[in-house]
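**Student:** Sharing input_4.tsv below, TSV, C-alpha atoms:
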chain	number	residue	atom	x	y	z
A	261	MET	CA	108.99	110.95	69.14
A	262	THR	CA	108.33	111.33	72.85
A	263	ALA	CA	105.17	111.16	74.91
A	264	LYS	CA	104.31	111.26	78.58
A	265	VAL	CA	101.07	109.47	79.40
A	266	ARG	CA	98.76	109.31	82.39
A	267	THR	CA	96.53	106.36	83.22
A	268	GLU	CA	92.98	107.69	82.91
A	269	ALA	CA	90.94	104.58	83.66
A	270	VAL	CA	91.27	100.92	84.54
A	271	ASN	CA	88.15	98.83	83.96
A	272	GLU	CA	88.62	95.33	85.34
A	273	GLY	CA	85.21	94.14	84.13
A	274	GLU	CA	85.95	95.25	80.58
A	275	LYS	CA	89.64	94.31	80.95
A	276	SER	CA	90.74	97.68	79.63
A	277	VAL	CA	93.20	100.44	80.43
A	278	THR	CA	92.91	103.98	79.05
A	279	PHE	CA	95.92	106.30	78.74
A	280	LYS	CA	95.94	110.01	77.95
A	281	THR	CA	99.00	111.66	76.44
A	282	ILE	CA	99.80	114.78	78.45
A	283	GLU	CA	103.26	115.89	77.23
A	284	GLY	CA	105.79	115.38	74.49
A	285	ASP	CA	106.22	115.65	70.73
A	286	VAL	CA	102.86	113.98	70.14
A	287	MET	CA	101.08	117.00	71.62
A	288	GLN	CA	102.54	119.25	68.91
A	289	ILE	CA	100.69	117.19	66.29
A	290	TYR	CA	97.51	116.29	68.21
A	291	THR	CA	95.65	118.35	70.81
A	292	THR	CA	94.07	115.17	72.17
A	293	PHE	CA	95.63	111.70	72.05
A	294	ILE	CA	93.98	108.95	74.09
A	295	THR	CA	94.79	105.25	73.81
A	296	LYS	CA	92.60	102.46	75.15
A	297	VAL	CA	93.79	98.85	75.33
A	298	THR	CA	91.13	96.17	75.79
A	299	VAL	CA	92.08	92.52	76.31
A	300	GLY	CA	89.80	89.67	75.31
A	301	ASP	CA	90.15	85.90	75.11
A	302	GLY	CA	92.99	85.59	72.63
A	303	TYR	CA	92.89	89.14	71.25
A	304	VAL	CA	93.72	92.76	72.06
A	305	ILE	CA	91.89	95.83	70.77
A	306	TRP	CA	93.76	99.13	70.59
A	307	THR	CA	91.58	102.23	70.24
A	308	ILE	CA	93.18	105.58	69.48
A	309	GLU	CA	91.12	108.75	69.92
A	310	TYR	CA	92.81	111.89	68.64
A	311	GLU	CA	92.20	115.45	67.56
A	312	LYS	CA	94.56	117.03	65.06
A	313	ALA	CA	96.31	120.25	66.11
A	314	ASN	CA	95.85	121.51	62.54
A	315	ASP	CA	94.68	120.36	59.11
A	316	THR	CA	98.15	119.21	58.06
A	317	ALA	CA	98.55	116.78	60.97
A	318	PRO	CA	98.64	113.18	59.72
A	319	ILE	CA	96.29	110.37	60.68
A	320	PRO	CA	98.25	108.45	63.35
A	321	ASP	CA	98.83	105.31	61.24
A	322	ASN	CA	102.38	104.94	62.59
A	323	TYR	CA	100.93	104.46	66.08
A	324	THR	CA	98.82	101.54	64.90
A	325	THR	CA	102.00	99.88	63.66
A	326	LEU	CA	103.64	100.54	67.03
A	327	ALA	CA	100.61	99.09	68.84
A	328	ALA	CA	100.86	95.92	66.73
A	329	GLU	CA	104.56	95.55	67.56
A	330	ILE	CA	103.92	96.07	71.29
A	331	THR	CA	101.16	93.45	71.19
A	332	LYS	CA	103.44	90.93	69.45
A	333	GLY	CA	106.18	91.49	72.03
A	334	LEU	CA	103.74	91.19	74.91
A	335	ASP	CA	102.27	88.03	73.41
A	336	ALA	CA	105.73	86.45	73.12
A	337	TYR	CA	106.55	87.42	76.70
A	338	LEU	CA	103.30	86.03	78.11
A	339	LEU	CA	103.72	82.77	76.21
A	340	SER	CA	107.23	82.39	77.63
A	341	GLN	CA	105.77	82.61	81.15
A	342	ILE	CA	103.57	79.53	80.73
Can you give me the file's structure in the form of structure tokens?
**Tutor:**
Amino acid sequence: MTAKVRTEAVNEGEKSVTFKTIEGDVMQIYTTFITKVTVGDGYVIWTIEYEKANDTAPIPDNYTTLAAEITKGLDAYLLSQI
């Protein structure tokens, strides 16, 4: 599955970045797909806002699994930099 994203917002006070999917396979399933990553002290919150293109489109559970894997990889990388 492919997706092209655009950075919509960076909030340094909230320590968050918001991305909007603008192209790719994802847009055939969802008319809106926005991801927000917020970093806290020892945790990361991923928020996915989406609108299904039709009633048969699935809930994006597979993206939550992907977000967890990205977070684990990022965590391992950051710990290796200490």
**Student:** Using all atoms listed in the file, find the one residue out of A:Ile308, A:Leu339, A:Ala269, A:Ile282 that sits nearest to Asn322 (chain A).
**Tutor:**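 Using all atoms listed in the file, Asn322 (chain A) sits closest to A:Ile308.
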**Student:** Report the distance between CA of Gly273 (chain A) and CA of Ser340 (chain A) in Å, rounded to one decimal place.
**Tutor:** 25.8 Å
**Student:** Enter the distance from CA of Asp285 (chain A) to CA of Ala263 (chain A), in Å, rounded to one decimal.
**Tutor:** 6.2 Å
**Student:** Calculated over all atoms listed in the file, which of the candidates A:Thr262, A:Gln341, A:Thr331, A:Thr324 has the smallest distance to Val286 (chain A)?
**Tutor:**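 Between A:Thr262, A:Gln341, A:Thr331, A:Thr324, the residue approaching Val286 (chain A) most closely is A:Thr262.
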**Student:** For a quick check of understanding, using all atoms listed in the file, which of A:Val297, A:Gly302, A:Thr291, A:Thr307 has the smallest distance to Asp321 (chain A)?
**Tutor:**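 Residue with the minimum atom-to-atom distance to Asp321 (chain A): A:Thr307.
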**Student:** With distances taken over only C-alpha atoms, which residue among A:Glu272, A:Ile305, A:Gln288, A:Gly333 lies nearest Ala317 (chain A)?
**Tutor:** A:Gln288
